[in-house]
file work-v3.json (JSON, C-alpha atoms)
[["chain", "number", "residue", "atom", "x", "y", "z"],
["A", 1, "MET", "CA", 73.91, -6.52, 37.59],
["A", 2, "ALA", "CA", 74.53, -3.06, 38.95],
["A", 3, "ARG", "CA", 76.62, 0.03, 38.51],
["A", 4, "VAL", "CA", 78.48, 0.41, 41.80],
["A", 5, "GLU", "CA", 80.13, 3.65, 42.83],
["A", 6, "ASP", "CA", 82.21, 4.65, 45.82],
["A", 7, "SER", "CA", 81.40, 7.57, 48.13],
["A", 8, "SER", "CA", 83.03, 10.03, 45.71],
["A", 9, "GLY", "CA", 80.82, 8.84, 42.83],
["A", 10, "ALA", "CA", 83.62, 7.00, 40.99],
["A", 11, "HIS", "CA", 82.88, 3.57, 39.56],
["A", 12, "VAL", "CA", 84.50, 0.89, 41.71],
["A", 13, "THR", "CA", 87.29, -1.18, 40.19],
["A", 14, "GLN", "CA", 88.86, -4.47, 41.21],
["A", 15, "SER", "CA", 91.97, -2.78, 42.62],
["A", 16, "ALA", "CA", 89.86, -0.54, 44.86],
["A", 17, "ILE", "CA", 88.10, -3.49, 46.56],
["A", 18, "SER", "CA", 89.48, -5.68, 49.31],
["A", 19, "ALA", "CA", 86.44, -7.95, 49.85],
["A", 20, "ILE", "CA", 82.86, -8.67, 48.75],
["A", 21, "GLU", "CA", 80.22, -10.68, 50.60],
["A", 22, "TYR", "CA", 76.56, -11.42, 49.97],
["A", 23, "THR", "CA", 73.65, -12.67, 52.08],
["A", 24, "VAL", "CA", 70.24, -13.89, 50.91],
["A", 25, "SER", "CA", 67.35, -13.34, 53.34],
["A", 26, "VAL", "CA", 63.64, -14.10, 53.26],
["A", 27, "ILE", "CA", 61.52, -10.96, 53.47],
["A", 28, "PRO", "CA", 58.43, -11.88, 55.51],
["A", 29, "PRO", "CA", 55.00, -10.72, 54.32],
["A", 30, "ASP", "CA", 54.64, -8.86, 57.63],
["A", 31, "ASP", "CA", 57.06, -5.92, 57.39],
["A", 32, "GLY", "CA", 57.48, -5.97, 61.18],
["A", 33, "ALA", "CA", 58.71, -9.56, 61.18],
["A", 34, "ILE", "CA", 62.37, -10.51, 61.39],
["A", 35, "GLN", "CA", 64.15, -11.52, 58.18],
["A", 36, "HIS", "CA", 65.73, -14.96, 58.15],
["A", 37, "THR", "CA", 68.83, -15.78, 56.17],
["A", 38, "VAL", "CA", 68.78, -18.61, 53.65],
["A", 39, "CYS", "CA", 70.95, -21.59, 54.62],
["A", 40, "GLY", "CA", 74.26, -21.58, 52.75],
["A", 41, "HIS", "CA", 73.87, -17.96, 51.63],
["A", 42, "GLU", "CA", 74.94, -15.93, 54.66],
["A", 43, "ASN", "CA", 78.06, -13.74, 54.47],
["A", 44, "VAL", "CA", 79.39, -15.67, 51.46],
["A", 45, "ALA", "CA", 82.66, -14.34, 50.06],
["A", 46, "VAL", "CA", 82.66, -13.44, 46.38],
["A", 47, "ASN", "CA", 85.82, -13.18, 44.31],
["A", 48, "LYS", "CA", 86.04, -9.59, 43.08],
["A", 49, "VAL", "CA", 87.75, -10.67, 39.85],
["A", 50, "ASP", "CA", 84.68, -12.74, 38.96],
["A", 51, "VAL", "CA", 82.07, -10.01, 39.55],
["A", 52, "VAL", "CA", 83.62, -6.53, 39.17],
["A", 53, "TYR", "CA", 84.55, -5.02, 35.80],
["A", 54, "ASP", "CA", 87.07, -2.19, 35.59],
["A", 55, "VAL", "CA", 85.33, -0.93, 32.43],
["A", 56, "LEU", "CA", 81.57, -0.41, 32.29],
["A", 57, "GLN", "CA", 79.82, -3.14, 30.32],
["A", 58, "THR", "CA", 77.08, -2.28, 27.81],
["A", 59, "ASP", "CA", 76.19, -5.71, 26.44],
["A", 60, "SER", "CA", 72.67, -6.86, 25.61],
["A", 61, "ASN", "CA", 72.08, -8.14, 29.16],
["A", 62, "TRP", "CA", 71.99, -4.54, 30.45],
["A", 63, "GLN", "CA", 68.85, -2.70, 29.41],
["A", 64, "VAL", "CA", 68.70, 0.03, 32.07],
["A", 65, "ASP", "CA", 70.62, 2.76, 30.25],
["A", 66, "ALA", "CA", 73.45, 3.35, 27.79],
["A", 67, "THR", "CA", 76.05, 3.89, 30.54],
["A", 68, "GLY", "CA", 76.43, 0.24, 31.57],
["A", 69, "TYR", "CA", 77.25, -1.86, 34.61],
["A", 70, "ASN", "CA", 80.42, -2.81, 36.49],
["A", 71, "PHE", "CA", 79.05, -5.54, 38.78],
["A", 72, "ARG", "CA", 77.51, -8.86, 37.79],
["A", 73, "HIS", "CA", 77.02, -11.83, 40.10],
["A", 74, "GLU", "CA", 75.15, -15.07, 39.60],
["A", 75, "ILE", "CA", 74.43, -16.76, 42.92],
["A", 76, "ASP", "CA", 75.73, -20.33, 43.02],
["A", 77, "VAL", "CA", 72.87, -22.66, 43.96],
["A", 78, "SER", "CA", 74.62, -25.94, 43.18],
["A", 79, "ASP", "CA", 75.06, -26.82, 46.88],
["A", 80, "TYR", "CA", 72.32, -24.74, 48.53],
["A", 81, "GLU", "CA", 69.09, -23.54, 46.89],
["A", 82, "ALA", "CA", 68.51, -19.82, 47.39],
["A", 83, "PHE", "CA", 65.04, -19.01, 46.05],
["A", 84, "THR", "CA", 62.78, -21.96, 46.81],
["A", 85, "HIS", "CA", 59.27, -20.69, 47.62],
["A", 86, "VAL", "CA", 57.04, -19.46, 44.79],
["A", 87, "GLY", "CA", 55.64, -16.02, 45.59],
["A", 88, "GLN", "CA", 58.21, -15.40, 48.32],
["A", 89, "VAL", "CA", 60.25, -12.18, 48.26],
["A", 90, "TYR", "CA", 63.95, -12.36, 49.04],
["A", 91, "GLN", "CA", 66.63, -9.74, 49.66],
["A", 92, "VAL", "CA", 70.13, -10.18, 48.30],
["A", 93, "ARG", "CA", 72.46, -7.88, 50.25],
["A", 94, "TYR", "CA", 75.97, -7.16, 49.04],
["A", 95, "GLU", "CA", 78.66, -5.64, 51.22],
["A", 96, "VAL", "CA", 81.72, -4.33, 49.38],
["A", 97, "THR", "CA", 84.75, -3.47, 51.48],
["A", 98, "PRO", "CA", 87.00, -1.00, 49.69],
["A", 99, "VAL", "CA", 90.75, -0.79, 50.18],
["A", 100, "SER", "CA", 90.08, 2.57, 51.82],
["A", 101, "GLY", "CA", 86.92, 4.37, 52.82],
["A", 102, "GLN", "CA", 83.53, 3.19, 53.99],
["A", 103, "LYS", "CA", 81.81, -0.06, 53.05],
["A", 104, "ILE", "CA", 79.42, 0.01, 50.13],
["A", 105, "VAL", "CA", 76.15, -1.81, 50.76],
["A", 106, "PHE", "CA", 73.49, -2.44, 48.13],
["A", 107, "ARG", "CA", 70.47, -4.71, 47.95],
["A", 108, "PHE", "CA", 68.23, -6.39, 45.43],
["A", 109, "ARG", "CA", 64.67, -7.61, 45.98],
["A", 110, "VAL", "CA", 63.91, -10.89, 44.22],
["A", 111, "ARG", "CA", 60.45, -12.42, 43.88],
["A", 112, "CYS", "CA", 60.42, -16.13, 43.19],
["A", 113, "ILE", "CA", 57.97, -16.96, 40.39]]

call {"tool": "encode", "arguments": {"input": "work-v3.json", "output": "structure tokens"}}
result
Amino acid sequence: MARVEDSSGAHVTQSAISAIEYTVSVIPPDDGAIQHTVCGHENVAVNKVDVVYDVLQTDSNWQVDATGYNFRHEIDVSDYEAFTHVGQVYQVRYEVTPVSGQKIVFRFRVRCI
């Protein structure tokens, strides 16, 4: 979950987005090492209608603040596992292409426990 804004600080909406993709990568313990993408999770298209809310959500899943979130995505692991190694740190990188303006890129760090 996240609250995603465009370059002007406005919350993104479905109509303002033309495409969304995500990639899961392994973050090596050695910061100088090259990240490797996880098979089946590289540049995967995400349907904006399934993950972007036009109105900020403030349900019990969001505990960051009272403002809410407008992006929620659960990675589909039914065909390809994404987070397989206990103790490993992964990066989930989202690239949102707006109808106009610059791409919006945001990342999450996930530790497999």

call {"tool": "residues_around", "arguments": {"input": "work-v3.json", "residues": "A:Phe71", "least_positions_apart": "2", "cutoff": "12 Å", "atoms": "all atoms listed in the file", "output": "JSON, numbers by chain"}}
result
{"A": [1, 2, 3, 4, 5, 11, 12, 13, 14, 20, 46, 47, 48, 49, 50, 51, 52, 53, 54, 55, 56, 57, 58, 62, 68, 69, 73, 74, 94, 96, 106]}

call {"tool": "write_last_selection", "arguments": {"input": "work-v3.json", "atoms": "C-alpha atoms", "output": "compact mmCIF listing (two decimals), in the frame of the given file"}}
result
# COMPACT_ATOMS: atom_id res chain seq x y z
CA MET A 1 73.91 -6.52 37.59
CA ALA A 2 74.53 -3.06 38.95
CA ARG A 3 76.62 0.03 38.51
CA VAL A 4 78.48 0.41 41.80
CA GLU A 5 80.13 3.65 42.83
CA HIS A 11 82.88 3.57 39.56
CA VAL A 12 84.50 0.89 41.71
CA THR A 13 87.29 -1.18 40.19
CA GLN A 14 88.86 -4.47 41.21
CA ILE A 20 82.86 -8.67 48.75
CA VAL A 46 82.66 -13.44 46.38
CA ASN A 47 85.82 -13.18 44.31
CA LYS A 48 86.04 -9.59 43.08
CA VAL A 49 87.75 -10.67 39.85
CA ASP A 50 84.68 -12.74 38.96
CA VAL A 51 82.07 -10.01 39.55
CA VAL A 52 83.62 -6.53 39.17
CA TYR A 53 84.55 -5.02 35.80
CA ASP A 54 87.07 -2.19 35.59
CA VAL A 55 85.33 -0.93 32.43
CA LEU A 56 81.57 -0.41 32.29
CA GLN A 57 79.82 -3.14 30.32
CA THR A 58 77.08 -2.28 27.81
CA TRP A 62 71.99 -4.54 30.45
CA GLY A 68 76.43 0.24 31.57
CA TYR A 69 77.25 -1.86 34.61
CA HIS A 73 77.02 -11.83 40.10
CA GLU A 74 75.15 -15.07 39.60
CA TYR A 94 75.97 -7.16 49.04
CA VAL A 96 81.72 -4.33 49.38
CA PHE A 106 73.49 -2.44 48.13

call {"tool": "residues_near_point", "arguments": {"input": "work-v3.json", "point": "(86.5, -4.3, 48.9)", "cutoff": "7 Å", "atoms": "all atoms listed in the file", "output": "short mmCIF file (atom, residue, chain, number, x, y, z; two decimals) with C-alpha atoms, in the coordinates of the input"}}
result
data_model
loop_
_atom_site.label_atom_id
_atom_site.label_comp_id
_atom_site.auth_asym_id
_atom_site.auth_seq_id
_atom_site.Cartn_x
_atom_site.Cartn_y
_atom_site.Cartn_z
CA ALA A 16 89.86 -0.54 44.86
CA ILE A 17 88.10 -3.49 46.56
CA SER A 18 89.48 -5.68 49.31
CA ALA A 19 86.44 -7.95 49.85
CA ILE A 20 82.86 -8.67 48.75
CA VAL A 96 81.72 -4.33 49.38
CA THR A 97 84.75 -3.47 51.48
CA PRO A 98 87.00 -1.00 49.69
CA VAL A 99 90.75 -0.79 50.18
#

call {"tool": "atom_distance", "arguments": {"input": "work-v3.json", "atom1": "atom CA of A:Pro29", "atom2": "atom CA of A:Ala45"}}
result
28.2 Å

call {"tool": "atom_distance", "arguments": {"input": "work-v3.json", "atom1": "atom CA of A:Ser25", "atom2": "atom CA of A:Gln88"}}
result
10.6 Å

call {"tool": "axis_aligned_box", "arguments": {"input": "work-v3.json", "around": "stretch 51-54 of chain A", "padding_each_side": "4 Å", "output": "lines of an AutoDock Vina configuration file"}}
result
center_x = 84.6
center_y = -6.1
center_z = 37.6
size_x = 13.0
size_y = 15.8
size_z = 12.0

call {"tool": "residues_around", "arguments": {"input": "work-v3.json", "residues": "stretch 34-36 of chain A", "least_positions_apart": "3", "cutoff": "10 Å", "atoms": "all atoms listed in the file", "output": "list of chain:residue names"}}
result
A:Val24, A:Ser25, A:Val26, A:Ile27, A:Pro28, A:Pro29, A:Asp30, A:Asp31, A:Cys39, A:Glu42, A:Tyr90, A:Gln91

call {"tool": "atom_distance", "arguments": {"input": "work-v3.json", "atom1": "atom CA of A:Thr67", "atom2": "atom CA of A:Ala10"}}
result
13.3 Å

call {"tool": "closest_residue", "arguments": {"input": "work-v3.json", "among": "A:Ser15, A:Val44, A:Ile113, A:Glu21", "to": "A:Thr84", "atoms": "all atoms listed in the file"}}
result
A:Ile113

call {"tool": "closest_residue", "arguments": {"input": "work-v3.json", "among": "A:Val92, A:Lys103, A:Arg111, A:Asp79", "to": "A:Thr37", "atoms": "all atoms listed in the file"}}
result
A:Val92

call {"tool": "residues_around", "arguments": {"input": "work-v3.json", "residues": "A:Gly101", "least_positions_apart": "5", "cutoff": "10 Å", "atoms": "only C-alpha atoms", "output": "short mmCIF file (atom, residue, chain, number, x, y, z; two decimals) with C-alpha atoms, in the coordinates of the input"}}
result
data_model
loop_
_atom_site.label_atom_id
_atom_site.label_comp_id
_atom_site.auth_asym_id
_atom_site.auth_seq_id
_atom_site.Cartn_x
_atom_site.Cartn_y
_atom_site.Cartn_z
CA ASP A 6 82.21 4.65 45.82
CA SER A 7 81.40 7.57 48.13
CA SER A 8 83.03 10.03 45.71
CA ALA A 16 89.86 -0.54 44.86
#

call {"tool": "closest_residue", "arguments": {"input": "work-v3.json", "among": "A:Asn43, A:Asp65, A:Arg93, A:Val38", "to": "A:Val77", "atoms": "only C-alpha atoms"}}
result
A:Val38

call {"tool": "decode", "arguments": {"input": "work-v3.json", "residues": "stretch 23-58 of chain A", "atoms": "N, CA, C and O atoms", "output": "CSV table (one decimal), in the first residue's frame"}}
result
chain,number,residue,atom,x,y,z
A,23,THR,N,8.6,-4.8,-10.9
A,23,THR,CA,9.7,-5.8,-10.9
A,23,THR,C,10.2,-6.1,-9.5
A,23,THR,O,10.3,-5.2,-8.7
A,24,VAL,N,10.4,-7.4,-9.3
A,24,VAL,CA,11.0,-7.8,-8.0
A,24,VAL,C,12.4,-8.2,-8.2
A,24,VAL,O,12.7,-9.0,-9.2
A,25,SER,N,13.3,-7.7,-7.4
A,25,SER,CA,14.7,-8.0,-7.5
A,25,SER,C,15.3,-8.4,-6.2
A,25,SER,O,14.8,-8.0,-5.1
A,26,VAL,N,16.3,-9.3,-6.2
A,26,VAL,CA,17.0,-9.7,-5.0
A,26,VAL,C,18.1,-8.6,-4.7
A,26,VAL,O,18.8,-8.2,-5.6
A,27,ILE,N,18.1,-8.1,-3.4
A,27,ILE,CA,19.1,-7.2,-3.0
A,27,ILE,C,20.2,-8.0,-2.4
A,27,ILE,O,20.0,-8.6,-1.3
A,28,PRO,N,21.4,-8.0,-3.0
A,28,PRO,CA,22.5,-8.8,-2.4
A,28,PRO,C,23.0,-8.2,-1.1
A,28,PRO,O,22.9,-7.0,-0.9
A,29,PRO,N,23.6,-9.1,-0.3
A,29,PRO,CA,24.1,-8.6,1.0
A,29,PRO,C,25.2,-7.6,0.8
A,29,PRO,O,25.4,-6.7,1.6
A,30,ASP,N,26.0,-7.7,-0.3
A,30,ASP,CA,27.0,-6.8,-0.6
A,30,ASP,C,26.5,-5.7,-1.5
A,30,ASP,O,26.0,-5.9,-2.6
A,31,ASP,N,26.4,-4.5,-0.9
A,31,ASP,CA,25.7,-3.3,-1.6
A,31,ASP,C,26.3,-3.1,-3.0
A,31,ASP,O,25.7,-2.5,-3.8
A,32,GLY,N,27.6,-3.5,-3.2
A,32,GLY,CA,28.2,-3.2,-4.5
A,32,GLY,C,27.8,-4.3,-5.5
A,32,GLY,O,28.1,-4.1,-6.7
A,33,ALA,N,27.2,-5.3,-5.1
A,33,ALA,CA,26.8,-6.4,-6.1
A,33,ALA,C,25.6,-6.0,-6.9
A,33,ALA,O,24.8,-5.1,-6.6
A,34,ILE,N,25.5,-6.6,-8.0
A,34,ILE,CA,24.4,-6.4,-9.0
A,34,ILE,C,23.1,-7.1,-8.5
A,34,ILE,O,23.1,-8.2,-8.1
A,35,GLN,N,22.0,-6.4,-8.5
A,35,GLN,CA,20.7,-6.9,-8.2
A,35,GLN,C,20.3,-7.9,-9.3
A,35,GLN,O,20.5,-7.6,-10.5
A,36,HIS,N,19.6,-9.0,-9.0
A,36,HIS,CA,19.1,-9.9,-10.0
A,36,HIS,C,17.6,-9.9,-9.8
A,36,HIS,O,17.0,-10.0,-8.7
A,37,THR,N,16.9,-9.9,-11.0
A,37,THR,CA,15.4,-9.9,-11.0
A,37,THR,C,14.9,-11.3,-10.7
A,37,THR,O,15.6,-12.3,-10.9
A,38,VAL,N,13.8,-11.4,-10.1
A,38,VAL,CA,13.2,-12.7,-9.8
A,38,VAL,C,12.4,-13.2,-11.0
A,38,VAL,O,11.6,-12.4,-11.5
A,39,CYS,N,12.6,-14.4,-11.4
A,39,CYS,CA,12.0,-15.0,-12.5
A,39,CYS,C,10.4,-14.9,-12.4
A,39,CYS,O,9.8,-15.2,-11.4
A,40,GLY,N,9.8,-14.4,-13.5
A,40,GLY,CA,8.4,-14.2,-13.6
A,40,GLY,C,7.9,-12.9,-13.0
A,40,GLY,O,6.7,-12.6,-13.0
A,41,HIS,N,8.8,-12.1,-12.5
A,41,HIS,CA,8.4,-10.8,-11.8
A,41,HIS,C,9.2,-9.6,-12.3
A,41,HIS,O,9.6,-8.8,-11.6
A,42,GLU,N,9.5,-9.6,-13.6
A,42,GLU,CA,10.2,-8.5,-14.2
A,42,GLU,C,9.4,-7.8,-15.2
A,42,GLU,O,8.8,-8.4,-16.2
A,43,ASN,N,9.2,-6.5,-15.0
A,43,ASN,CA,8.4,-5.6,-15.9
A,43,ASN,C,7.0,-6.2,-16.1
A,43,ASN,O,6.5,-6.3,-17.3
A,44,VAL,N,6.3,-6.6,-15.1
A,44,VAL,CA,5.0,-7.2,-15.1
A,44,VAL,C,4.0,-6.1,-15.1
A,44,VAL,O,3.9,-5.2,-14.2
A,45,ALA,N,3.1,-6.1,-16.1
A,45,ALA,CA,2.0,-5.1,-16.2
A,45,ALA,C,1.0,-5.4,-15.1
A,45,ALA,O,0.7,-6.5,-14.8
A,46,VAL,N,0.5,-4.3,-14.6
A,46,VAL,CA,-0.5,-4.3,-13.5
A,46,VAL,C,-1.7,-3.5,-14.0
A,46,VAL,O,-1.5,-2.4,-14.5
A,47,ASN,N,-2.9,-4.0,-13.9
A,47,ASN,CA,-4.1,-3.3,-14.3
A,47,ASN,C,-4.4,-2.2,-13.3
A,47,ASN,O,-4.6,-2.4,-12.1
A,48,LYS,N,-4.4,-1.0,-13.8
A,48,LYS,CA,-4.6,0.2,-12.9
A,48,LYS,C,-5.9,0.2,-12.1
A,48,LYS,O,-6.0,0.6,-11.0
A,49,VAL,N,-6.9,-0.4,-12.7
A,49,VAL,CA,-8.2,-0.5,-12.1
A,49,VAL,C,-8.2,-1.4,-10.8
A,49,VAL,O,-8.9,-1.1,-9.9
A,50,ASP,N,-7.3,-2.3,-10.8
A,50,ASP,CA,-7.2,-3.3,-9.7
A,50,ASP,C,-6.4,-2.7,-8.6
A,50,ASP,O,-6.5,-3.2,-7.5
A,51,VAL,N,-5.5,-1.7,-8.8
A,51,VAL,CA,-4.6,-1.3,-7.8
A,51,VAL,C,-4.6,0.2,-7.4
A,51,VAL,O,-4.1,0.6,-6.3
A,52,VAL,N,-5.3,1.0,-8.2
A,52,VAL,CA,-5.3,2.5,-7.9
A,52,VAL,C,-6.7,2.9,-7.5
A,52,VAL,O,-7.7,2.5,-8.2
A,53,TYR,N,-6.8,3.6,-6.4
A,53,TYR,CA,-8.1,4.1,-6.0
A,53,TYR,C,-8.2,5.6,-6.2
A,53,TYR,O,-7.3,6.3,-5.9
A,54,ASP,N,-9.3,6.1,-6.8
A,54,ASP,CA,-9.5,7.5,-7.0
A,54,ASP,C,-9.8,8.3,-5.7
A,54,ASP,O,-9.5,9.5,-5.7
A,55,VAL,N,-10.2,7.6,-4.7
A,55,VAL,CA,-10.5,8.2,-3.4
A,55,VAL,C,-9.5,7.5,-2.4
A,55,VAL,O,-9.4,6.3,-2.4
A,56,LEU,N,-8.9,8.3,-1.6
A,56,LEU,CA,-8.0,7.8,-0.6
A,56,LEU,C,-8.7,6.8,0.4
A,56,LEU,O,-9.8,7.1,0.8
A,57,GLN,N,-8.1,5.7,0.6
A,57,GLN,CA,-8.7,4.6,1.5
A,57,GLN,C,-8.1,4.8,2.9
A,57,GLN,O,-6.9,4.9,3.1
A,58,THR,N,-9.0,4.6,3.9
A,58,THR,CA,-8.6,4.7,5.3
A,58,THR,C,-9.1,3.5,6.1
A,58,THR,O,-9.4,3.7,7.3
